[in-house]
Structures are given as C-alpha cells and as structure tokens.
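Take a look at the structure set out below.
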Amino acid sequence: MENDPDKPPLFKSWSGIYFLVIATLAVLVLIFSLISKVYQ
Amino acid sequence: MRAVDWAVLLATLVLIVAYGIWRTRGIRSVDAYLRGGSDTRWLTIGLSIMATQASAITFLSTPGQGYEDGMGFVQFYLGLPIAMVILSATIVPLYKRLKVYTAYEYLESRFDLKTRQLTAFLFLLQRGLGAGISIYAPAIILSTVLGWPLHLTNIAIGALVILYTVSGGTRAVNQTQTYQMAVMLGGMALAFFFVLSRLPANVSFGDALGIAGALGKMKVIDYSTRLDTRYTFWSGMTGGLFVALAYFGTDQSQVQRYLSGASLTESRLGLLFNALVKVPMQFMILLVGVIVFVFYQFNPPPVFFNEAELNRIRSTPVAAELQEIESAYGRAFLEKKNVLDEWLSTPHWRSSSPAGRDLKSVEAKLRGIRERAKDLIAKADPRAERNDADYVFISFVLKHFPPGLVGLLVAVVLCAAMSATAAALNALGTTTVVDFYQRTVKPGASNDHYLLAAKLFTVFWGIVGVLFAAFASLLDNLIQAVNILGSIFYGPMLGVFLVGFFLKRVGGTPVFWATLLAQLIVVIVFRYSTLGFLWYNVIGCAAVVVLSLGFNLTRATQAVT
C-alpha cells in the first residue's frame with residue numbers, strides 16, 4: 001500500500017471494483033424484481 | 001425487562017463506551033481529535049459509515065414499515081451504491097488532496113467565505129435538529145413500552161454519547177461505532193432467525209413469503225412512474241441517488257468518517273464496503289418486519305401496537321366502544337385464520353385463487369377495524385399518535401423474545417441511537433470550530449485552544465440535541481421524519497457542490513443567492529405540495545444549478561453593458 005498509495009486490493013484499477021459494485025446492484029434489482037413477480 | 005435483560009443491556013452499552021474511551025485516551029492534537037489522526041482502516045470506516053446512517057429509527061421503524069407497507073422501502077436505497085461509486089471517484093480524492101477537516105472548507109477555495117458558511121450553516125441547522133430526533137425517537141418508544149421516564153431516557157442517551165464523543169473525538173466515535181455496528185448486525189440476525197422459528201411448524205420460509213406476497217407485502221420493486229408514490233424504482237434511482245450523494249458527499253457527519261482514513265484507498269474502500277452491504281442489510285431488516293406480519297397471521301395481534309396508548313383510553317368514556325372494536329377484530333382474525341388454512345392447503349396456492357381473494361378481502365376487513373381503533377384513539381385523545389408502526393417490532397420483541405435476547409435487542413436500539421448521535425455531535429462540533437470559530441471568530445489560536453473549543457462545542461451541541469429531544473413531538477413515521485428533514489436541506493447543499501465541481505465559470509455570489517432561493521423553493525414545495533419527499537432533493541439541487549447559471553448570466557450581461 002505504501003508503494004502504491006491508491007490501488008484497490010484484488011483489482012488492477014478502481015474501474016474494476018466500481019464495476020463489481022454496479023453489477024452487484026444490478027443482480028440485487030433482478031432478484032428483487034423476481035421476488036416481486038413470484039410472490040405477487 | 002427481566003434482570004438478565006438489564007445485565008445484557010448495561011454490559012453491552014457500558015463495555016463499548018468504556019472500551020472506546022480507554023482506547024482513545026490521551027488525545028492532545030486537534031488533528032487527532034477532529035480527523036482521528038488519519039490512520040483509520042477501511043473496515044472501521046465502512047462500519048462507522050453504516051453505524052452513522054443506521055440510527056435507532058432504522059431498527060424500530062424499518063421493521064414497522066415492513067409490517068405495514070411491505071418491502072417497497074428498500075427502493076429508497078437503490079441509488080446509494082451508485083452514489084458511493086461517484087463519490088469515491090470524484091469527491092473523496094478531492095477532499096483528501098485538499099486535506100480538509102470539513103466538506104465546507106472546499107467551498108471557500110472554490111467560491112468564497114459566505115458560500116462556505118451558508119452551506120455549513122444549513123448543515124448545522126438540519127443536523128442539529130436531526131441529532132435531537134435521533135435521541136428522542138428511541139427515547140419516546142422505549143419510555144412508552146418499558147415505562148422508563150422520557151426525559152431521563154433522553155438525558156441518559158445524550159449524556160453517555162457526550163461523554164465519549166467529547167473525550168475521544170472522531171477516533172472514539174469510529175472505535176465505538178465499530179463495536180456498536182457488530183452488536184446491531186448480530187442482534188438483528190438473531191432476531192431474524194428467532195422470528196422465523198416462531199412461525200407454525202407446518203409453515204416453511206417459502207410459505208411465509210407466499211402469505212406475505214398474497215397480502216401485498218412482497219412488492220420489492222415498483223416500476224410505476226407515479227410521482228406521488230413515495231417509493232418506486234425510479235424515485236430510488238433518482239431521488240435516492242441525490243439524497244445519498246448529498247448525505248455522503250456533503251454531510252459532515254459522514255464526510256468526517258472517511259476523512260479519517262489512513263489513505264485515499266482506505267477511505268474509498270470504506271465507502272464501497274457500504275455500497276455492497278447497505279441494500280442487503282435494509283432488505284433483511286424489512287424482511288424481519290414482514291415475517292413478524294406473517295407471525296401475526298397465526299397469532300392474534302393487538303388492534304393497536306402502542307398498547308400504552310390503548311390502555312390509557314380504556315379508562316375513558318370510549319372504553320366500551322374500544323371493547324366492541326377489539327371483539328370485532330378478534331372475530332375477523334379467526335375468520336382470516338380459517339381462510340388462510342384453506343389457502344395453504346391448496347396444492348398450488350396463488351393470490352388470484354378464490355381462497356387468495358378471500359384472504360385479501362378478510363385482510364382488508366381487519367385493516368378497516370384497525371383504522372376504526374385508530375380513529376377512536378384520536379377521538380379519545382386528539383394529541384395521541386395514530387401511527388403505531390414504530391411500536392410493531394419492539395412490542396413483538398418484548399412479548400415473544402426469550403430473556404437475554406430482549407436486553408440485546410434494546411441494546412441494538414440504544415447502540416444505534418448512540419452511534420448516529422455521536423457522529424452528529426462530532427460533526428457539529430467540528431464544523432462549528434473549523435468553519436466559524438477558527439475561521440471568523442478567533443483565527444490563529446493555539447492547538448490546545450482549538451482542542452478545548454472543539455470539546456466545548458461538542459458539549460454545546462449535545463445539550464442542544466437533548467433539549468430539542470425534550471420538546472420534540474412525534475412526526476408521522478419517525479424514519480420518514482428524519483428522511484424528510486434531510487431531503488429539505490440536502491438538495492440545495494448538493495447543488496452548491498455540483499456547481500463547484502462542474503460549472504467552473506460560476507462564482508461565489510450567484511451560487512450564494514441561488515442557494516438561499518432554492519432553499520426557499522424547497523420549503524414551499526414541502527409545505528404546499530403532495531410530492532414525494534425524495535423529489536425535494538432533485539428540486540433543491542436543480543434549482544441551485546439553474547439559478548446559479550441564471551444569476552451568473554445576469555451578472556455577465558450587466559458587466560458587458
């Protein structure tokens with residue numbers, strides 16, 4: 001961390017981790033939509 | 001509460017506070033006090049951010065919302081992960097580069113002193129009131145259901161928070177919030193599994209969701225475009241995004257959490273941790289409320305969950321009418337139970353089946369009787385609170401949870417109250433010192449002088465919070481009261497920052513007047529329209545941007561002529 005003060009863990013750049021966050025949100029919305037459809 | 005509950009409650013609260021004070025003892029520099037010495041790691045930042053947002057209201061009102069309105073409230077949080085990404089990419093690097101103590105310092109470097117202090121003042125106003133509500137909300141509910149004296153409960157919460165916030169500043173707030181968040185998450189997880197275990201043996205988790213769905217509680221996502229519907233996918237992705245951008249980007253109680261990061265990476269990771277965890281956490285808390293609702297399909301619920309209020313009117317002239325309503329409610333409950341048994345016994349149950357339609361019809365009848373009870377309470381005492389949603393979960397906990405778990409759940413509520421209030425007092429004290437006292441009243445004083453001033457201002461805001469809590473009255477649903485209060489101020493505050501980032505030609509004076517006017521517009525919209533409150537954020541923000549451009553153009557035209 002000290003050598004490269006702004007590099008995220010596990011990813012090459014911040015874009016990768018941002019994509020993970022947005023993709024997780026998309027999956028959650030998909031699951032929520034399915035729950036709404038199945039249980040209505 | 002039994003002795004074991006008191007032991008769990010007091011041990012949890014006292015150990016966390018004592019450990020927090022001990023871990024952060026001996027702070028001598030203003031930097032360590034206001035910015036936590038800039039050595040906090042991402043997990044502490046992430047938990048601290050979550051604990052700041054998760055007030056007691058979250059754990060009292062959210063299950064109540066799940067019980068009353070179903071899962072739709074989760075949509076309020078859908079814009080949050082996107083906001084975290086935007087802030088992590090833009091504002092966090094900027095704040096870290098400028099090495100600011102408060103978000104509002106940036107506004108002086110971009111605009112001028114008056115714009116900085118106007119925005120800081122809007123923050124002090126809304127967060128000062130918010131701190132009062134975050135003390136009052138759990139105090140009124142716990143004092144009602146447990147018979148604690150209200151003012152003493154207010155003072156006890158306030159005093160405990162003031163003690164460790166003043167003692168250890170930002171570092172103490174971050175440390176204690178980490179443990180408080182662990183108690184909150186652990187307590188709610190236990191509560192979820194316990195509520196599930198109290199369902200009848202022949203009702204599976206899938207059946208429970210099916211029952212909730214048939215009775216309209218499982219509409220998690222609503223894609224309708226009605227502007228007066230409070231929670232839809234679109235209001236969450238726009239209004240929710242704006243409120244999250246404003247809250248996490250411009251509210252010092254949150255900014256202070258990630259400014260304490262050991263590096264830019266730690267600060268960013270703390271925010272992104274919140275982005276990943278927040279939506280599932282809110283979903284689970286709402287689901288607890290929905291499962292409590294299913295539990296009460298098999299066990300008779302009270303006709304009104306604020307039973308202290310109910311008992312009060314038993315000694316008034318409307319007592320006989322109340323008894324008649326309660327009897328009708330009991331009969332309707334038995335009728336529903338029969339319909340439910342029939343509905344569950346059909347092999348492929350659907351809400352559109354004849355039994356499903358009967359279920360909805362008898363549920364509507366029960367709701368109607370509940371409304372009659374609320375009307376009666378309002379008739380007997382016009383000052384009585386008709387909304388009992390905030391009492392649903394705590395009433396369930398006290399009646400059905402085993403000894404020990406009751407104490408833990410009350411500790412969850414008080415931990416949440418303390419963590420949110422501590423972050424607020426910490427931020428209010430910091431903003432008062434950095435943006436007003438040090439900048440305007442007494443510049444150039446010593447480190448010790450500002451350290452003492454920061455502590456005294458924190459005490460001052462703590463006393464203001466307790467006083468406000470003492471005079472506050474219950475507003476609609478508590479969580480909505482807090483969100484509405486935030487939405488009134490956050491739009492214009494976010495607008496100032498957006499103009500600062502993206503409209504480089506706009507100067508201080510146009511944005512200053514635009515902010516004042518935009519704030520007035522939002523207050524008028526709040527007072528005279530039925531628009532969902534999430535839209536206040538969009539209106540306030542857009543008004544600042546458009547008016548700033550307009551005023552800037554007018555100034556430029558006048559300069560040319």
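Identifiers for the structure tokens are assigned positionally: chains receive A, B, ... in sequence, residues are indexed from 1 per chain, and ligands are indexed from 1 in the order shown.
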Output the contact residues of chain A with respect to chain B at a cut-off of 6 Å, based on only C-alpha atoms, as a PyMOL selection string.
-> chain A and resi 6+18+32-33+36+39-40
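DSSP secondary structure from the backbone places Trp14, Ser15, Gly16, Ile17, Tyr18, Phe19, Leu20, Val21, Ile22, Ala23, Thr24, Leu25, Ala26, Val27, Leu28, Val29, Leu30, Ile31, Phe32, Ser33, Leu34, Ile35, Ser36, Lys37, Val38 and Tyr39 of chain A of chain A in helix (DSSP H, G or I).
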Please provide as a VMD selection string all residues within 12 Å of B:Ser61, with the sequence filter that same-chain residues fewer than 4 positions apart are discarded (counting only C-alpha atoms).
-> chain B and resid 54 to 57 65 to 69 73 137 to 138 141 282 285 to 286 288 to 289 387 to 395 413 476 to 482
Go ahead and save the picked residues with N, CA, C and O atoms, as a tab-separated table (two decimals), in the first residue's frame.
chain	number	residue	atom	x	y	z
B	54	ALA	N	-27.26	4.26	10.34
B	54	ALA	CA	-28.25	3.40	10.97
B	54	ALA	C	-28.58	3.89	12.37
B	54	ALA	O	-27.97	3.48	13.34
B	55	SER	N	-29.54	4.79	12.45
B	55	SER	CA	-29.93	5.28	13.78
B	55	SER	C	-30.91	4.28	14.41
B	55	SER	O	-31.31	3.31	13.77
B	56	ALA	N	-31.30	4.57	15.64
B	56	ALA	CA	-32.27	3.70	16.33
B	56	ALA	C	-33.54	3.58	15.52
B	56	ALA	O	-34.21	2.54	15.54
B	57	ILE	N	-33.86	4.65	14.80
B	57	ILE	CA	-35.07	4.69	13.99
B	57	ILE	C	-35.03	3.56	12.96
B	57	ILE	O	-36.05	2.96	12.64
B	65	GLN	N	-42.27	-0.57	9.08
B	65	GLN	CA	-42.63	-0.27	7.68
B	65	GLN	C	-42.84	-1.55	6.90
B	65	GLN	O	-43.74	-1.63	6.06
B	66	GLY	N	-41.99	-2.56	7.16
B	66	GLY	CA	-42.15	-3.85	6.51
B	66	GLY	C	-43.50	-4.45	6.87
B	66	GLY	O	-44.21	-4.98	6.02
B	67	TYR	N	-43.87	-4.35	8.14
B	67	TYR	CA	-45.15	-4.88	8.62
B	67	TYR	C	-46.32	-4.18	7.94
B	67	TYR	O	-47.26	-4.82	7.49
B	68	GLU	N	-46.27	-2.85	7.88
B	68	GLU	CA	-47.41	-2.08	7.36
B	68	GLU	C	-47.45	-2.06	5.84
B	68	GLU	O	-48.49	-2.26	5.25
B	69	ASP	N	-46.31	-1.73	5.22
B	69	ASP	CA	-46.31	-1.45	3.77
B	69	ASP	C	-45.53	-2.47	2.95
B	69	ASP	O	-45.44	-2.32	1.73
B	73	PHE	N	-39.87	-0.17	0.73
B	73	PHE	CA	-38.98	0.88	1.24
B	73	PHE	C	-37.51	0.65	0.84
B	73	PHE	O	-36.72	1.58	0.79
B	137	ALA	N	-36.32	9.80	19.28
B	137	ALA	CA	-37.09	8.70	18.69
B	137	ALA	C	-37.03	7.42	19.52
B	137	ALA	O	-38.08	6.87	19.87
B	138	PRO	N	-35.84	6.92	19.87
B	138	PRO	CA	-35.84	5.71	20.70
B	138	PRO	C	-36.33	5.99	22.11
B	138	PRO	O	-36.96	5.13	22.73
B	141	ILE	N	-40.16	5.84	22.35
B	141	ILE	CA	-40.69	4.48	22.17
B	141	ILE	C	-40.33	3.60	23.37
B	141	ILE	O	-41.18	2.92	23.95
B	282	GLN	N	-30.70	-3.48	4.57
B	282	GLN	CA	-32.03	-2.88	4.68
B	282	GLN	C	-33.10	-3.90	4.28
B	282	GLN	O	-34.18	-3.94	4.87
B	285	ILE	N	-33.68	-6.18	7.24
B	285	ILE	CA	-34.41	-5.54	8.35
B	285	ILE	C	-35.90	-5.43	8.00
B	285	ILE	O	-36.78	-5.69	8.82
B	286	LEU	N	-36.19	-5.06	6.73
B	286	LEU	CA	-37.59	-5.00	6.30
B	286	LEU	C	-38.23	-6.38	6.34
B	286	LEU	O	-39.39	-6.54	6.73
B	288	VAL	N	-37.56	-8.78	8.34
B	288	VAL	CA	-37.91	-9.11	9.73
B	288	VAL	C	-39.34	-8.62	10.00
B	288	VAL	O	-40.16	-9.36	10.55
B	289	GLY	N	-39.64	-7.38	9.56
B	289	GLY	CA	-40.99	-6.83	9.76
B	289	GLY	C	-42.04	-7.64	9.02
B	289	GLY	O	-43.14	-7.88	9.54
B	387	ASN	N	-50.27	6.74	14.50
B	387	ASN	CA	-49.37	5.81	13.79
B	387	ASN	C	-48.66	4.91	14.80
B	387	ASN	O	-47.92	5.39	15.64
B	388	ASP	N	-48.91	3.60	14.68
B	388	ASP	CA	-48.27	2.69	15.63
B	388	ASP	C	-47.18	1.83	14.99
B	388	ASP	O	-46.69	0.87	15.60
B	389	ALA	N	-46.79	2.18	13.74
B	389	ALA	CA	-45.81	1.36	13.01
B	389	ALA	C	-44.49	1.24	13.79
B	389	ALA	O	-43.86	0.18	13.77
B	390	ASP	N	-44.10	2.31	14.48
B	390	ASP	CA	-42.82	2.28	15.20
B	390	ASP	C	-42.85	1.36	16.42
B	390	ASP	O	-41.81	1.05	16.99
B	391	TYR	N	-44.04	0.93	16.80
B	391	TYR	CA	-44.17	0.09	18.00
B	391	TYR	C	-44.31	-1.39	17.67
B	391	TYR	O	-44.31	-2.22	18.57
B	392	VAL	N	-44.46	-1.69	16.36
B	392	VAL	CA	-44.73	-3.08	15.96
B	392	VAL	C	-43.61	-4.00	16.42
B	392	VAL	O	-43.84	-5.01	17.10
B	393	PHE	N	-42.37	-3.65	16.07
B	393	PHE	CA	-41.25	-4.56	16.31
B	393	PHE	C	-40.92	-4.66	17.80
B	393	PHE	O	-40.76	-5.75	18.34
B	394	ILE	N	-40.82	-3.51	18.46
B	394	ILE	CA	-40.42	-3.53	19.88
B	394	ILE	C	-41.50	-4.25	20.71
B	394	ILE	O	-41.19	-4.97	21.66
B	395	SER	N	-42.77	-4.08	20.31
B	395	SER	CA	-43.86	-4.75	21.02
B	395	SER	C	-43.73	-6.27	20.83
B	395	SER	O	-43.90	-7.05	21.77
B	413	VAL	N	-31.05	-1.11	19.76
B	413	VAL	CA	-31.72	0.17	19.55
B	413	VAL	C	-30.89	1.31	20.16
B	413	VAL	O	-30.66	2.35	19.52
B	476	ASP	N	-45.32	11.88	12.10
B	476	ASP	CA	-45.61	10.81	11.16
B	476	ASP	C	-44.84	9.55	11.59
B	476	ASP	O	-44.77	9.22	12.75
B	477	ASN	N	-44.24	8.86	10.66
B	477	ASN	CA	-43.35	7.75	10.98
B	477	ASN	C	-41.96	8.35	11.21
B	477	ASN	O	-41.51	9.21	10.46
B	478	LEU	N	-41.27	7.90	12.25
B	478	LEU	CA	-40.03	8.56	12.64
B	478	LEU	C	-38.96	8.54	11.56
B	478	LEU	O	-38.27	9.52	11.32
B	479	ILE	N	-38.81	7.39	10.89
B	479	ILE	CA	-37.75	7.30	9.88
B	479	ILE	C	-38.06	8.24	8.72
B	479	ILE	O	-37.17	8.86	8.13
B	480	GLN	N	-39.35	8.40	8.43
B	480	GLN	CA	-39.71	9.32	7.36
B	480	GLN	C	-39.48	10.76	7.80
B	480	GLN	O	-39.08	11.60	7.00
B	481	ALA	N	-39.72	11.04	9.07
B	481	ALA	CA	-39.48	12.40	9.58
B	481	ALA	C	-38.02	12.79	9.37
B	481	ALA	O	-37.72	13.90	8.92
B	482	VAL	N	-37.12	11.87	9.68
B	482	VAL	CA	-35.69	12.14	9.52
B	482	VAL	C	-35.34	12.30	8.05
B	482	VAL	O	-34.61	13.22	7.66
In Å, rounded to a single decimal, give me how far atom CA of B:Ala172 is from atom CA of B:Trp461.
-> 17.0 Å
So how far away is atom CA of B:Ala51 from atom CA of B:Met181, in Å?
-> 5.6 Å
Kindly give the distance, in Å, that separates atom CA of B:Gly540 and atom CA of B:Val511, rounded to a single decimal.
-> 12.7 Å
Would you list the contacts of stretch 96-103 of chain B as a ChimeraX atom specification, taking every protein, DNA or RNA residue within 8 Å and counting only C-alpha atoms, but skipping same-chain residues closer than 2 positions in sequence?
-> /B:34-35,92-94,105-107,249-252,255-256,259,264,430-431,434-435
Grab the residues selected above and save them as a short mmCIF file (atom, residue, chain, number, x, y, z; two decimals), in the first residue's frame with all heavy atoms.
data_model
loop_
_atom_site.label_atom_id
_atom_site.label_comp_id
_atom_site.auth_asym_id
_atom_site.auth_seq_id
_atom_site.Cartn_x
_atom_site.Cartn_y
_atom_site.Cartn_z
N LEU B 34 -10.18 15.84 15.58
CA LEU B 34 -11.18 16.13 14.56
C LEU B 34 -11.13 15.16 13.38
O LEU B 34 -12.13 14.92 12.72
CB LEU B 34 -11.00 17.57 14.02
CG LEU B 34 -11.13 18.70 15.03
CD1 LEU B 34 -11.00 20.05 14.34
CD2 LEU B 34 -12.47 18.63 15.77
N ARG B 35 -9.92 14.63 13.08
CA ARG B 35 -9.79 13.76 11.90
C ARG B 35 -9.32 12.36 12.28
O ARG B 35 -8.91 11.58 11.42
CB ARG B 35 -8.84 14.40 10.90
CG ARG B 35 -9.30 14.25 9.49
CD ARG B 35 -8.65 15.18 8.50
NE ARG B 35 -7.31 15.60 8.80
CZ ARG B 35 -6.66 16.56 8.14
NH1 ARG B 35 -7.26 17.18 7.15
NH2 ARG B 35 -5.43 16.91 8.45
N VAL B 92 -14.00 12.18 -2.95
CA VAL B 92 -13.08 11.67 -1.92
C VAL B 92 -11.63 12.04 -2.27
O VAL B 92 -10.91 12.57 -1.41
CB VAL B 92 -13.25 10.15 -1.70
CG1 VAL B 92 -12.33 9.66 -0.60
CG2 VAL B 92 -14.69 9.82 -1.34
N PRO B 93 -11.19 11.81 -3.52
CA PRO B 93 -9.82 12.23 -3.86
C PRO B 93 -9.60 13.74 -3.66
O PRO B 93 -8.54 14.18 -3.22
CB PRO B 93 -9.67 11.86 -5.33
CG PRO B 93 -10.73 10.86 -5.60
CD PRO B 93 -11.84 11.14 -4.65
N LEU B 94 -10.66 14.52 -3.98
CA LEU B 94 -10.55 15.98 -3.84
C LEU B 94 -10.36 16.38 -2.37
O LEU B 94 -9.44 17.13 -2.03
CB LEU B 94 -11.80 16.63 -4.41
CG LEU B 94 -11.85 18.16 -4.33
CD1 LEU B 94 -10.86 18.78 -5.29
CD2 LEU B 94 -13.25 18.67 -4.62
N GLU B 105 -14.94 23.50 3.81
CA GLU B 105 -13.68 24.22 3.53
C GLU B 105 -13.43 24.31 2.03
O GLU B 105 -12.93 25.31 1.53
CB GLU B 105 -12.51 23.49 4.19
CG GLU B 105 -12.39 23.73 5.68
CD GLU B 105 -11.21 22.96 6.25
OE1 GLU B 105 -10.09 23.48 6.21
OE2 GLU B 105 -11.42 21.83 6.72
N TYR B 106 -13.79 23.22 1.33
CA TYR B 106 -13.59 23.20 -0.13
C TYR B 106 -14.33 24.37 -0.79
O TYR B 106 -13.84 24.98 -1.74
CB TYR B 106 -14.09 21.87 -0.71
CG TYR B 106 -14.46 21.94 -2.16
CD1 TYR B 106 -13.49 22.02 -3.15
CD2 TYR B 106 -15.80 21.95 -2.55
CE1 TYR B 106 -13.83 22.13 -4.49
CE2 TYR B 106 -16.16 22.05 -3.87
CZ TYR B 106 -15.18 22.14 -4.84
OH TYR B 106 -15.53 22.26 -6.16
N LEU B 107 -15.52 24.72 -0.25
CA LEU B 107 -16.36 25.75 -0.89
C LEU B 107 -15.72 27.14 -0.82
O LEU B 107 -15.96 27.96 -1.70
CB LEU B 107 -17.75 25.77 -0.23
CG LEU B 107 -18.58 24.50 -0.43
CD1 LEU B 107 -19.89 24.60 0.33
CD2 LEU B 107 -18.83 24.24 -1.91
N GLY B 249 -21.71 12.93 0.54
CA GLY B 249 -20.71 13.84 -0.03
C GLY B 249 -20.62 15.17 0.66
O GLY B 249 -19.57 15.82 0.62
N THR B 250 -21.74 15.61 1.30
CA THR B 250 -21.73 16.98 1.84
C THR B 250 -22.10 17.04 3.32
O THR B 250 -21.98 18.10 3.92
CB THR B 250 -22.72 17.89 1.07
OG1 THR B 250 -24.05 17.54 1.42
CG2 THR B 250 -22.56 17.76 -0.42
N ASP B 251 -22.58 15.95 3.89
CA ASP B 251 -22.95 15.97 5.31
C ASP B 251 -21.71 15.62 6.12
O ASP B 251 -21.17 14.51 6.00
CB ASP B 251 -24.08 14.94 5.56
CG ASP B 251 -24.63 15.01 6.98
OD1 ASP B 251 -23.81 15.01 7.93
OD2 ASP B 251 -25.86 15.05 7.14
N GLN B 252 -21.28 16.57 6.95
CA GLN B 252 -20.02 16.38 7.67
C GLN B 252 -20.01 15.15 8.56
O GLN B 252 -18.95 14.55 8.79
CB GLN B 252 -19.73 17.66 8.50
CG GLN B 252 -18.47 17.63 9.31
CD GLN B 252 -17.19 17.52 8.46
OE1 GLN B 252 -17.22 17.79 7.27
NE2 GLN B 252 -16.10 17.11 9.08
N VAL B 255 -18.85 12.71 6.02
CA VAL B 255 -17.54 13.08 5.44
C VAL B 255 -16.43 12.85 6.46
O VAL B 255 -15.35 12.35 6.14
CB VAL B 255 -17.58 14.55 4.97
CG1 VAL B 255 -16.19 15.01 4.52
CG2 VAL B 255 -18.58 14.73 3.83
N GLN B 256 -16.72 13.19 7.72
CA GLN B 256 -15.72 13.05 8.79
C GLN B 256 -15.29 11.59 8.97
O GLN B 256 -14.16 11.32 9.35
CB GLN B 256 -16.33 13.56 10.09
CG GLN B 256 -15.30 13.90 11.14
CD GLN B 256 -15.80 14.95 12.10
OE1 GLN B 256 -16.96 15.36 12.05
NE2 GLN B 256 -14.94 15.40 12.98
N LEU B 259 -12.89 10.91 5.98
CA LEU B 259 -11.69 11.77 6.04
C LEU B 259 -10.67 11.21 7.03
O LEU B 259 -9.49 11.55 6.97
CB LEU B 259 -12.07 13.20 6.45
CG LEU B 259 -12.71 14.07 5.37
CD1 LEU B 259 -12.95 15.47 5.92
CD2 LEU B 259 -11.85 14.15 4.12
N LEU B 264 -6.10 7.42 0.80
CA LEU B 264 -7.24 7.55 -0.12
C LEU B 264 -7.87 6.18 -0.37
O LEU B 264 -9.10 6.04 -0.41
CB LEU B 264 -6.75 8.18 -1.44
CG LEU B 264 -7.77 8.31 -2.57
CD1 LEU B 264 -8.99 9.09 -2.12
CD2 LEU B 264 -7.13 8.96 -3.78
N THR B 430 -17.13 19.89 15.12
CA THR B 430 -16.04 20.15 14.17
C THR B 430 -16.38 21.31 13.24
O THR B 430 -15.56 22.21 13.03
CB THR B 430 -15.77 18.87 13.33
OG1 THR B 430 -15.48 17.81 14.22
CG2 THR B 430 -14.63 19.07 12.36
N THR B 431 -17.59 21.28 12.68
CA THR B 431 -17.99 22.34 11.74
C THR B 431 -18.04 23.70 12.43
O THR B 431 -17.61 24.72 11.86
CB THR B 431 -19.37 21.99 11.12
OG1 THR B 431 -19.27 20.71 10.52
CG2 THR B 431 -19.80 23.01 10.10
N VAL B 434 -14.24 24.65 12.99
CA VAL B 434 -13.41 24.85 11.79
C VAL B 434 -14.01 25.93 10.87
O VAL B 434 -13.29 26.80 10.38
CB VAL B 434 -13.24 23.52 11.02
CG1 VAL B 434 -12.54 23.74 9.69
CG2 VAL B 434 -12.48 22.51 11.88
N ASP B 435 -15.30 25.88 10.64
CA ASP B 435 -15.90 26.78 9.64
C ASP B 435 -16.34 28.12 10.21
O ASP B 435 -16.56 29.06 9.44
CB ASP B 435 -17.09 26.09 8.96
CG ASP B 435 -16.66 24.90 8.14
OD1 ASP B 435 -15.83 25.11 7.22
OD2 ASP B 435 -17.09 23.78 8.43
#
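Distance annotation: of B:Ser260, B:Gln254, B:Thr238, B:Ser419, the residue with the minimal separation from B:Gly158 is B:Ser419; atom set is only C-alpha atoms.
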Can you tell me which residues surround B:Ile27 at a distance of at most 7 Å, considering only C-alpha atoms, apart from same-chain residues fewer than 4 positions away, and format the answer as a CSV table (one decimal) with all heavy atoms, in the first residue's frame?
chain,number,residue,atom,x,y,z
B,32,ALA,N,-5.9,14.8,15.6
B,32,ALA,CA,-6.3,13.5,16.1
B,32,ALA,C,-7.7,13.6,16.5
B,32,ALA,O,-8.5,12.7,16.4
B,32,ALA,CB,-5.4,13.0,17.2
B,33,TYR,N,-8.1,14.7,17.1
B,33,TYR,CA,-9.4,14.9,17.7
B,33,TYR,C,-10.5,15.0,16.6
B,33,TYR,O,-11.6,14.4,16.7
B,33,TYR,CB,-9.5,16.1,18.6
B,33,TYR,CG,-10.7,16.2,19.5
B,33,TYR,CD1,-10.9,15.4,20.6
B,33,TYR,CD2,-11.8,17.0,19.1
B,33,TYR,CE1,-12.1,15.4,21.3
B,33,TYR,CE2,-12.9,17.1,19.8
B,33,TYR,CZ,-13.1,16.3,21.0
B,33,TYR,OH,-14.2,16.4,21.7
B,168,GLY,N,-13.0,11.4,23.3
B,168,GLY,CA,-12.0,10.9,22.3
B,168,GLY,C,-12.2,11.4,20.9
B,168,GLY,O,-11.5,11.0,20.0
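Using only C-alpha atoms for every distance, the candidate list B:Val546, B:Thr178, B:Lys336, B:Ala378 yields B:Lys336 as the residue closest to B:Asp358.
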Residue contacts of B:Leu146 (12 Å, only C-alpha atoms) excluding same-chain residues fewer than 2 positions away, as an MDAnalysis selection string = chainID B and resid 1:2 6 138:144 148:150 153 306:308 391 394:395 397:399 406:407 410
